[in-house]
Each structure stands twice: as structure tokens, then as C-alpha cells.
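Structure data follow from protein-v1.csv (CSV, C-alpha atoms):
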chain,number,residue,atom,x,y,z
B,223,MET,CA,-8.2,-12.2,34.9
B,224,SER,CA,-5.3,-14.0,33.1
B,225,ARG,CA,-2.2,-12.1,32.0
B,226,ARG,CA,-3.1,-12.9,28.3
B,227,ILE,CA,-6.6,-11.5,28.6
B,228,ALA,CA,-5.3,-8.4,30.4
B,229,ARG,CA,-2.7,-7.7,27.8
B,230,ARG,CA,-5.4,-8.1,25.1
B,231,SER,CA,-7.7,-5.7,26.9
B,232,VAL,CA,-4.9,-3.1,27.1
B,233,ALA,CA,-4.1,-3.5,23.4
B,234,VAL,CA,-7.7,-2.8,22.5
B,235,LEU,CA,-7.8,0.3,24.7
B,236,LEU,CA,-4.6,1.5,23.2
B,237,ALA,CA,-5.8,0.9,19.6
B,238,GLY,CA,-8.7,3.2,20.2
B,239,ALA,CA,-6.7,5.9,21.8
B,240,VAL,CA,-5.8,9.2,20.3
B,241,ILE,CA,-2.4,8.9,18.5
B,242,MET,CA,-0.5,12.1,18.7
B,243,PRO,CA,2.3,12.9,16.3
B,244,VAL,CA,5.9,12.9,17.5
B,245,GLY,CA,8.7,15.3,16.7
B,246,GLY,CA,6.5,18.1,15.5
B,247,ALA,CA,4.5,16.3,12.8
B,248,SER,CA,1.2,18.0,12.5
B,249,ALA,CA,-2.1,16.0,12.5
B,250,ASP,CA,-5.2,16.8,10.5
B,251,PRO,CA,-8.1,18.0,12.7
B,252,ALA,CA,-10.4,15.4,11.2
B,253,ASP,CA,-8.1,12.7,12.6
B,254,SER,CA,-8.1,13.9,16.3
B,255,SER,CA,-9.6,10.6,17.4
B,256,ASP,CA,-9.4,7.1,15.8
B,257,PRO,CA,-12.1,4.5,16.0
B,258,VAL,CA,-11.4,1.2,17.6
B,259,PRO,CA,-10.0,-1.0,14.8
B,260,PRO,CA,-12.0,-4.0,13.8
B,261,THR,CA,-10.5,-7.4,14.5
B,262,SER,CA,-10.0,-7.9,10.8
B,263,GLY,CA,-10.6,-5.8,7.7
B,264,PRO,CA,-13.3,-6.6,5.1
B,265,GLN,CA,-12.4,-9.4,2.7
B,266,THR,CA,-13.7,-10.4,-0.7
B,267,ALA,CA,-15.3,-13.8,-0.2
B,268,ASP,CA,-16.0,-14.6,-3.9
B,269,LEU,CA,-12.8,-13.4,-5.6
B,270,VAL,CA,-9.7,-15.4,-5.2
B,271,PRO,CA,-6.3,-15.7,-7.0
B,272,GLY,CA,-7.1,-19.1,-8.4
B,273,ILE,CA,-7.6,-20.9,-5.1
B,274,PRO,CA,-10.3,-20.7,-2.3
B,275,LEU,CA,-9.9,-17.6,-0.1
B,276,THR,CA,-9.7,-19.8,3.0
B,277,LEU,CA,-6.5,-21.4,1.7
B,278,LEU,CA,-4.6,-18.1,1.3
B,279,PRO,CA,-1.6,-17.7,3.6
B,280,LEU,CA,-2.4,-15.0,6.1
B,281,SER,CA,0.7,-13.1,5.1
B,282,GLU,CA,-0.9,-12.4,1.7
B,283,MET,CA,-4.0,-11.0,3.2
B,284,ASP,CA,-2.6,-8.9,6.0
B,285,THR,CA,0.6,-7.1,7.1
B,286,PRO,CA,1.8,-6.6,10.7
B,287,ASP,CA,2.2,-2.8,10.8
B,288,GLN,CA,2.6,-0.4,13.7
B,289,ALA,CA,-0.6,1.0,15.3
B,290,LEU,CA,1.2,3.0,18.0
B,291,PRO,CA,4.3,5.2,18.0
B,292,PRO,CA,7.5,3.2,18.5
B,293,LYS,CA,10.1,3.8,21.1
B,294,VAL,CA,12.5,6.3,19.5
B,295,TYR,CA,16.2,5.7,20.0
B,296,LYS,CA,19.5,6.2,18.1
B,297,PRO,CA,20.5,2.9,16.4
B,298,THR,CA,24.1,1.9,16.8
B,299,ARG,CA,26.5,1.9,13.8
B,300,ALA,CA,26.6,-1.8,13.9
B,301,GLU,CA,22.8,-2.0,13.7
B,302,GLU,CA,22.7,0.5,10.8
B,303,ALA,CA,25.3,-1.5,8.9
B,304,VAL,CA,23.0,-4.5,8.6
B,305,GLU,CA,20.9,-4.4,5.5
B,306,PRO,CA,17.4,-6.0,5.7
B,307,LYS,CA,17.1,-9.3,3.9
B,308,ASP,CA,16.0,-9.4,0.3
B,309,ALA,CA,12.4,-10.3,-0.6
B,310,PRO,CA,11.6,-13.5,-2.5
B,311,GLU,CA,11.7,-13.1,-6.2
B,312,GLU,CA,7.9,-13.8,-6.5
B,313,ALA,CA,6.9,-11.6,-3.6
B,314,TYR,CA,5.5,-8.8,-5.7
B,315,ASP,CA,3.9,-10.7,-8.5
B,316,ARG,CA,0.8,-9.0,-9.8
B,317,VAL,CA,-1.9,-11.7,-9.1
B,318,GLU,CA,-5.4,-10.7,-10.0
B,319,TYR,CA,-8.3,-12.0,-7.9
B,320,VAL,CA,-10.6,-13.8,-10.3
B,321,ASP,CA,-13.9,-15.6,-10.1
B,322,PRO,CA,-13.4,-19.2,-8.8
B,323,MET,CA,-14.9,-20.7,-12.0
B,324,ASP,CA,-12.2,-18.9,-14.0
B,325,SER,CA,-9.4,-20.4,-11.8
B,326,PHE,CA,-10.0,-23.9,-13.0
B,327,GLY,CA,-9.5,-25.5,-16.4
B,328,ASP,CA,-8.3,-23.7,-19.5
B,329,VAL,CA,-10.1,-20.4,-19.3
B,330,THR,CA,-8.5,-18.0,-21.6
B,331,CYS,CA,-11.0,-15.2,-21.5
B,332,SER,CA,-13.2,-14.4,-18.5
B,333,GLU,CA,-16.9,-13.7,-19.2
B,334,GLU,CA,-17.3,-12.1,-15.7
B,335,THR,CA,-17.8,-8.4,-15.3
B,336,GLY,CA,-14.9,-7.2,-13.1
B,337,LEU,CA,-15.0,-5.1,-9.9
B,338,ARG,CA,-13.3,-2.3,-11.8
B,339,GLN,CA,-15.0,-2.9,-15.2
B,340,ARG,CA,-16.1,0.7,-15.9
B,341,GLU,CA,-12.7,2.2,-14.8
B,342,VAL,CA,-10.8,-0.3,-16.9
B,343,GLU,CA,-13.1,0.3,-19.9
B,344,ARG,CA,-12.6,4.0,-19.7
B,345,TRP,CA,-8.8,3.7,-19.4
B,346,LEU,CA,-8.6,1.5,-22.4
B,347,LYS,CA,-11.0,3.8,-24.3
B,348,ARG,CA,-13.5,1.1,-24.7
B,349,PRO,CA,-17.3,1.7,-24.7
B,350,VAL,CA,-18.1,2.3,-21.0
B,351,ASP,CA,-21.1,0.2,-20.1
B,352,GLY,CA,-19.9,-1.7,-17.1
B,353,GLU,CA,-20.4,-5.0,-18.8
B,354,GLN,CA,-17.7,-7.5,-19.9
B,355,SER,CA,-17.6,-8.2,-23.7
B,356,LYS,CA,-15.3,-10.1,-26.0
B,357,GLY,CA,-13.8,-6.9,-27.1
B,358,ASP,CA,-13.2,-5.8,-23.5
B,359,CYS,CA,-11.6,-9.1,-22.6
B,360,LYS,CA,-9.3,-9.0,-25.6
B,361,ALA,CA,-8.1,-5.5,-24.8
B,362,ILE,CA,-7.7,-6.2,-21.1
B,363,ARG,CA,-5.7,-9.4,-21.8
B,364,VAL,CA,-3.3,-7.4,-24.0
B,365,PHE,CA,-2.6,-5.0,-21.1
B,366,GLN,CA,-2.3,-7.8,-18.5
B,367,LYS,CA,0.2,-9.7,-20.6
B,368,LYS,CA,2.3,-6.6,-21.1
B,369,TYR,CA,2.5,-5.9,-17.4
B,370,ARG,CA,2.7,-9.5,-16.3
B,371,ILE,CA,-0.6,-9.7,-14.4
B,372,LYS,CA,-1.7,-13.2,-13.6
B,373,PRO,CA,-3.9,-14.8,-14.7
B,374,ALA,CA,-4.1,-12.9,-18.0
B,375,ILE,CA,-7.7,-13.8,-18.7
B,376,GLY,CA,-9.2,-10.4,-19.2
B,377,TYR,CA,-10.8,-9.9,-15.8
B,378,ALA,CA,-11.1,-6.2,-14.9
B,379,GLY,CA,-10.1,-6.6,-11.3
B,380,PRO,CA,-8.5,-4.3,-8.7
B,381,VAL,CA,-4.9,-5.4,-9.6
B,382,THR,CA,-5.4,-4.5,-13.2
B,383,TRP,CA,-6.9,-1.2,-12.3
B,384,ALA,CA,-4.2,-0.4,-9.8
B,385,THR,CA,-1.5,-1.1,-12.5
B,386,MET,CA,-3.3,1.2,-14.9
B,387,GLN,CA,-3.3,4.0,-12.4
B,388,LEU,CA,0.4,3.5,-11.8
B,389,VAL,CA,1.2,3.4,-15.5
B,390,GLY,CA,-0.9,6.5,-16.1
B,391,ALA,CA,0.9,8.4,-13.4
B,392,ARG,CA,4.4,7.7,-14.6
B,393,LYS,CA,4.9,10.8,-16.8
B,394,ASN,CA,3.4,13.3,-14.3
B,395,PRO,CA,2.0,11.9,-11.1
B,396,ASN,CA,1.1,15.5,-9.9
B,397,ALA,CA,-0.8,16.5,-13.0
B,398,ALA,CA,-3.8,17.2,-10.9
B,399,LYS,CA,-1.7,19.4,-8.6
B,400,LYS,CA,-3.0,17.7,-5.5
B,401,CYS,CA,0.4,17.5,-3.8
B,402,PRO,CA,1.8,21.0,-2.9
B,403,VAL,CA,5.0,22.0,-4.6
B,404,ARG,CA,7.6,23.4,-2.3
B,405,ALA,CA,11.2,24.5,-2.5
B,406,TYR,CA,12.1,21.5,-0.3
B,407,ARG,CA,11.5,17.8,-0.7
B,408,VAL,CA,7.9,16.6,-0.2
B,409,ALA,CA,6.9,12.9,-0.1
B,410,CYS,CA,3.5,12.7,-1.7
B,411,VAL,CA,1.1,9.9,-0.8
B,412,ASP,CA,-2.0,9.6,-3.0
B,413,LEU,CA,-4.4,7.3,-1.2
B,414,ASP,CA,-7.0,7.5,-4.0
B,415,ARG,CA,-4.6,6.0,-6.6
B,416,GLN,CA,-2.4,4.0,-4.0
B,417,ILE,CA,0.8,5.5,-5.3
B,418,ALA,CA,3.6,7.7,-3.8
B,419,TRP,CA,6.4,9.8,-5.1
B,420,VAL,CA,8.8,12.5,-4.0
B,421,GLN,CA,9.0,16.0,-5.6
B,422,HIS,CA,11.5,18.8,-5.0
B,423,GLY,CA,10.6,22.3,-6.1
B,424,LYS,CA,11.4,23.1,-9.7
B,425,GLY,CA,13.3,19.9,-10.0
B,426,GLY,CA,10.0,18.0,-10.2
B,427,VAL,CA,9.7,14.3,-9.3
B,428,VAL,CA,12.9,12.8,-8.0
B,429,PHE,CA,11.4,9.4,-6.9
B,430,GLY,CA,8.5,7.3,-8.2
B,431,PRO,CA,5.7,7.1,-8.6
B,432,VAL,CA,5.6,3.7,-7.0
B,433,PRO,CA,2.7,1.5,-5.8
B,434,ILE,CA,1.8,1.5,-2.2
B,435,ARG,CA,-0.6,-0.2,0.2
B,436,SER,CA,-2.1,2.2,2.8
B,437,GLY,CA,-4.3,1.8,5.9
B,438,ARG,CA,-7.6,-0.1,5.9
B,439,THR,CA,-10.8,1.0,7.5
B,440,GLY,CA,-10.2,1.7,11.2
B,441,TYR,CA,-6.5,2.1,10.5
B,442,GLY,CA,-6.6,4.8,7.9
B,443,THR,CA,-3.3,6.5,6.9
B,444,ARG,CA,-3.8,10.0,8.3
B,445,ASN,CA,-4.3,12.9,5.8
B,446,GLY,CA,-2.5,16.2,5.9
B,447,TRP,CA,1.1,17.5,6.5
B,448,HIS,CA,3.5,15.4,8.5
B,449,ALA,CA,7.3,15.2,8.9
B,450,VAL,CA,9.7,12.3,9.1
B,451,TYR,CA,10.6,12.2,12.8
B,452,TRP,CA,12.4,8.8,13.1
B,453,ARG,CA,14.2,6.4,10.8
B,454,HIS,CA,15.0,2.8,11.6
B,455,LYS,CA,16.4,0.6,8.9
B,456,ASN,CA,15.8,-2.7,10.7
B,457,HIS,CA,12.7,-1.9,12.7
B,458,VAL,CA,10.6,-4.7,14.1
B,459,SER,CA,7.0,-3.9,15.1
B,460,THR,CA,6.8,-3.8,18.9
B,461,LEU,CA,3.1,-4.8,18.6
B,462,TYR,CA,3.3,-7.6,16.1
B,463,LYS,CA,6.9,-8.7,16.3
B,464,SER,CA,7.4,-8.6,12.5
B,465,PRO,CA,10.0,-6.8,10.4
B,466,MET,CA,9.3,-3.3,9.0
B,467,PRO,CA,12.5,-2.8,6.9
B,468,TYR,CA,13.6,0.8,6.1
B,469,SER,CA,11.0,2.3,8.4
B,470,GLN,CA,10.6,6.1,8.2
B,471,PHE,CA,7.9,7.2,10.7
B,472,PHE,CA,6.0,10.4,9.9
B,473,SER,CA,2.9,10.3,12.1
B,474,GLY,CA,2.7,8.4,15.3
B,475,GLY,CA,3.1,4.8,14.4
B,476,GLN,CA,2.6,5.3,10.7
B,477,ALA,CA,5.6,4.9,8.5
B,478,PHE,CA,6.9,4.2,5.0
B,479,HIS,CA,8.4,0.7,5.1
B,480,GLY,CA,9.0,-2.3,3.0
B,481,VAL,CA,7.0,-5.5,3.1
B,482,TYR,CA,7.8,-9.1,2.1
B,483,GLY,CA,4.5,-9.8,0.3
B,484,SER,CA,2.0,-8.4,-2.2
B,485,LEU,CA,0.8,-4.9,-2.1
B,486,TYR,CA,-2.4,-5.9,-4.0
B,487,THR,CA,-4.5,-7.4,-1.2
B,488,PRO,CA,-8.2,-6.9,-0.6
B,489,ILE,CA,-7.6,-5.1,2.7
B,490,GLY,CA,-5.2,-2.4,3.6
B,491,SER,CA,-2.4,-2.1,6.1
B,492,ARG,CA,-2.7,-1.1,9.7
B,493,GLY,CA,-1.9,2.5,8.9
B,494,CYS,CA,1.6,2.3,7.4
B,495,VAL,CA,2.5,3.0,3.8
B,496,ASN,CA,3.7,-0.3,2.6
B,497,MET,CA,6.1,-0.5,-0.3
B,498,THR,CA,8.2,-3.1,-2.1
B,499,LEU,CA,11.6,-3.7,-0.5
B,500,LYS,CA,13.3,-2.1,-3.5
B,501,ASP,CA,11.2,1.0,-3.4
B,502,SER,CA,11.5,1.4,0.4
B,503,ARG,CA,15.3,1.1,0.1
B,504,LYS,CA,15.4,3.8,-2.6
B,505,LEU,CA,13.2,6.1,-0.5
B,506,TRP,CA,15.4,5.4,2.5
B,507,GLY,CA,18.4,6.8,0.6
B,508,LEU,CA,16.5,9.9,-0.4
B,509,LEU,CA,14.5,11.1,2.6
B,510,LYS,CA,16.0,12.5,5.8
B,511,LYS,CA,14.7,13.3,9.3
B,512,GLY,CA,12.5,16.4,9.1
B,513,ASP,CA,11.5,15.9,5.4
B,514,ARG,CA,7.8,16.7,4.9
B,515,VAL,CA,5.1,14.2,3.9
B,516,TYR,CA,1.8,15.2,2.4
B,517,VAL,CA,-1.1,12.6,2.4
B,518,TRP,CA,-4.5,12.9,0.8
B,519,GLY,CA,-7.4,10.9,-0.5
B,520,HIS,CA,-8.9,7.6,0.7
B,521,ARG,CA,-8.1,4.0,0.0
B,522,GLN,CA,-11.1,2.1,-1.5
B,523,GLU,CA,-11.3,-1.4,0.0
B,524,GLN,CA,-11.7,-4.1,-2.6

Before we go any further, please render this structure as C-alpha cells.
Amino acid sequence: MSRRIARRSVAVLLAGAVIMPVGGASADPADSSDPVPPTSGPQTADLVPGIPLTLLPLSEMDTPDQALPPKVYKPTRAEEAVEPKDAPEEAYDRVEYVDPMDSFGDVTCSEETGLRQREVERWLKRPVDGEQSKGDCKAIRVFQKKYRIKPAIGYAGPVTWATMQLVGARKNPNAAKKCPVRAYRVACVDLDRQIAWVQHGKGGVVFGPVPIRSGRTGYGTRNGWHAVYWRHKNHVSTLYKSPMPYSQFFSGGQAFHGVYGSLYTPIGSRGCVNMTLKDSRKLWGLLKKGDRVYVWGHRQEQ
């Protein structure tokens, strides 16, 4: 057996192993064992951001997160003084995945029924029939233009719906009271809506809500109570050799951290809670070791 094959075999075995929390973070009983992750997450073959799916850069479809707990150590002052590089200006553009026929020519209003048609119709207070209409398209386009969703052709896709959920949560993300209110800081991670925020007792929300990208099938971000046990500003994944800026680990290898690409991809992360670099930097300045994290819900693959 070659060294390469041996290493790959070990990686597969480790990926299917039980990941125990470090530093006192508690795991949910339902997550006592993890399935062996698939080689790749599900992808949407017929919805593309204006170009064939096969031509998309891998970085836009995937992120190299941490599947196993990292080696914990105390970074030096010199290491901590280095700030992660900034993300490209266009890194977080809201690009909707549209029907290939709508990605060519001068299409101004899509006739296609979107993947999130009913949800979008309900949010816009349109007749909810799950079918695209001229009125639906017009209303959706107005929203897309306001929030710079590209292309603004009225397609009710996952990016448009995710933006609506974020906008709807801004005034009071915990209106449904799904995140427990405590006298101390709690970082709330809502996998259903793919948003996160921090609340602190009677002081209410002190950060967010912000958009996130959580774990895909087989790498699900673990539900329940956790605690930040290690922070590493310039962490690099020991498995995938890629940057995980402003990492704050709260359950095994799962952490809050910034990414240098879109959060709105058809498949989720490998367990981590991905954020924009700006949001991960702000969260880094707020949370401390030992702060509690509460996760609930389930990411719906697109």
C-alpha cells in the first residue's frame, strides 16, 4: 500500500470517528456518532449563476473547513499581531443561481418557478400558489435590486430567500425565543435561517444577525450547548491546508471563522460556521474563551 493511499484510508476512518468536544464543551446526545462524510455534497445540476456548473471555480462550491479538533496551543504575540488578509471586494456578492436559459441574452424577467417560490411569495405578501407570475417577478425584482442580488431577473432562488430571512430577522432575530436568554453572552446559531447573532441578558442583541454557512449533510454543525474553547486568529486547517481566519472553536473541529468566498453555495461547509471576513473579525473582538454557543435547527441543502 502506497503512503498516499494509506493516508487517505486513515483520513476516511478519522472522518467517521466520534468527535468529542474539547475544553468542557457539551455535545448533544443525538450527535454521539457522525456518519462517514460523502466525498462531496449534493449539488444543483440545473441551476447556475449564469454559467455552466462545471465551469464554476471549486472555491465557490466548497470550503476547506476543519473536520477534526485542531492541535491547541497558545499563539505567540507576534503571531497574534498579524491580521488576516482582507477578502476581495466581490467575494461576498449575492449571486442567484438561475436557469441556464435565463443566463443568456437580455432576459429581464424570469418565467421560471424558483426553488423558493412559495416562501418568497409569502414573504412579499403575494398570492401563494408556488407558480411564477408576472406580478411575482416584478415584486421579486424590486427586492433583488434593493439588496443587490444578481441577476435581478425575478427568480425566486435560495439567495433571494436567504436574504429575505436575514432582512426579516434584523429587528429581533430571537422573536421566536429559540435561543435561550442568559445573564451572560450567548452566541446563537440558527441553522434553519442560516443566521447567527450574539445576545447578552437584558442587553439584548449585541452582534448581528449576520448570514452564515453551516455544515452540509454528513458534516452537520452540531446542535445544542457548546463553549468557545480555543481561539486562533490566523488558523490554517491542518486537514485541508487552507486559511480559517478568526477561528473560534466551540465543538471539536467546528468553529466560527471567516471565508474568502460566497456563503450562498448549494452545499454547506464541512461543519464550521462560515462568515464573511468582516463579520468574523467583529465576532472575534466580542467573544472570549469560555463564552457559550447555542446551535439549533437544520441547514436545508439547495

Sel. within 12 Å of pt (-2.9, -3.5, -20.7), counting all atoms listed in the file, output as number ranges by chain
B: 342-343, 345-347, 358-371, 374-378, 381-390

Between atom CA of B:Met497 and atom CA of B:Pro380, what is the spacing in Å?
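These atoms are spaced 17.3 Å apart.
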
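Using only C-alpha atoms, the smallest distance between any of B:Tyr441, B:Tyr295, B:Tyr486, B:Tyr406 and B:Val420 comes from B:Tyr406.
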
Residue nearest B:Cys410 among B:Phe478, B:Tyr314, B:Tyr468, B:Phe326 (counting all atoms listed in the file)
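The closest residue to B:Cys410 is B:Phe478.
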
In Å to one decimal, how far is atom CA of B:Gly483 from atom CA of B:Asp315?
8.9 Å
